[in-house]
Structures are given as C-alpha cells and as structure tokens.
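Everything on this sheet refers to the single structure shown next.
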Amino acid sequence: MADKFVFEKAMKRLEEIVSLLEKGDATLESSLMLFEEGTSLIRGCSAALDNAQQKLKILTAGENGPEESDFEGKE
C-alpha cells in the first residue's frame, strides 16, 4: 500500500534534494535519480495545491447573510 502524500514532507524532501544538487558533489547517476525524485514530488505538490484551490470557498455578504462562492485565484 502506498503511503499517503503529505505536502509538508514533500516540500521538506524537495529542499533536501535542492541542497544536495547545489553542492555539486553527487555523481551523475545520483544527480539524475535525485532530479527524477524531485520532479515526481513537484507533480504531487502541484496536484495537492490544485486540489486545495478547488476546495477553497470565499464567504461573501449576500442579501440573506453569508453566501459561498468559488475562489478565483490569480494566475
């Protein structure tokens, strides 16, 4: 069974990967493996952010009290 994706853990791992790649002392094979892992984590984070954005609602004042409307983020 696959582990549940955790955004915060993925971001922390991405920071570690960037740090390792910036050092420049990894082998080519190791660097490619880190890069592949990083791109996979980025895809997961992007999907999690897209999902969160879809769930966001803004409460706006309506005639009969608060109303929900979809969040329209800046792109």
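Labels used: A, B, ... for chains in the order of the structure tokens, numbers from 1 for residues in each chain, and numbers from 1 for ligands as shown.
The protein and nucleic acid residues lying at most 10 Å from Ala47 (chain A) are Phe7, Leu41 and Gln53 of chain A, with only C-alpha atoms considered and sequence neighbours fewer than 6 positions away removed.
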Can you write just those residues out, C-alpha atoms, as a short mmCIF file (atom, residue, chain, number, x, y, z; two decimals), in the first residue's frame?
```
data_model
loop_
_atom_site.label_atom_id
_atom_site.label_comp_id
_atom_site.auth_asym_id
_atom_site.auth_seq_id
_atom_site.Cartn_x
_atom_site.Cartn_y
_atom_site.Cartn_z
CA PHE A 7 2.59 18.12 1.22
CA LEU A 41 7.49 15.39 -5.75
CA GLN A 53 -7.59 25.59 -4.65
#
```
- prompt: Hey, what's within 12 Å of Ala10 (chain A) if we count only C-alpha atoms and toss same-chain stuff fewer than 3 positions away? As number ranges by chain, please?
  reply: A: 3-7, 13-17, 37-46, 48
If you count only C-alpha atoms, the residue of A:Asp50, A:Lys55, A:Val18, A:Gly24 closest to Glu36 (chain A) turns out to be A:Val18
**Report entry** Atom pair CA of Phe35 (chain A) / CA of Glu8 (chain A): separation (Å)
**Finding:**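 Rounded to one decimal, the two atoms are 18.7 Å apart.
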Expressed in Å, the length from CA of Asn64 (chain A) to CA of Asn51 (chain A) is 29.5 Å
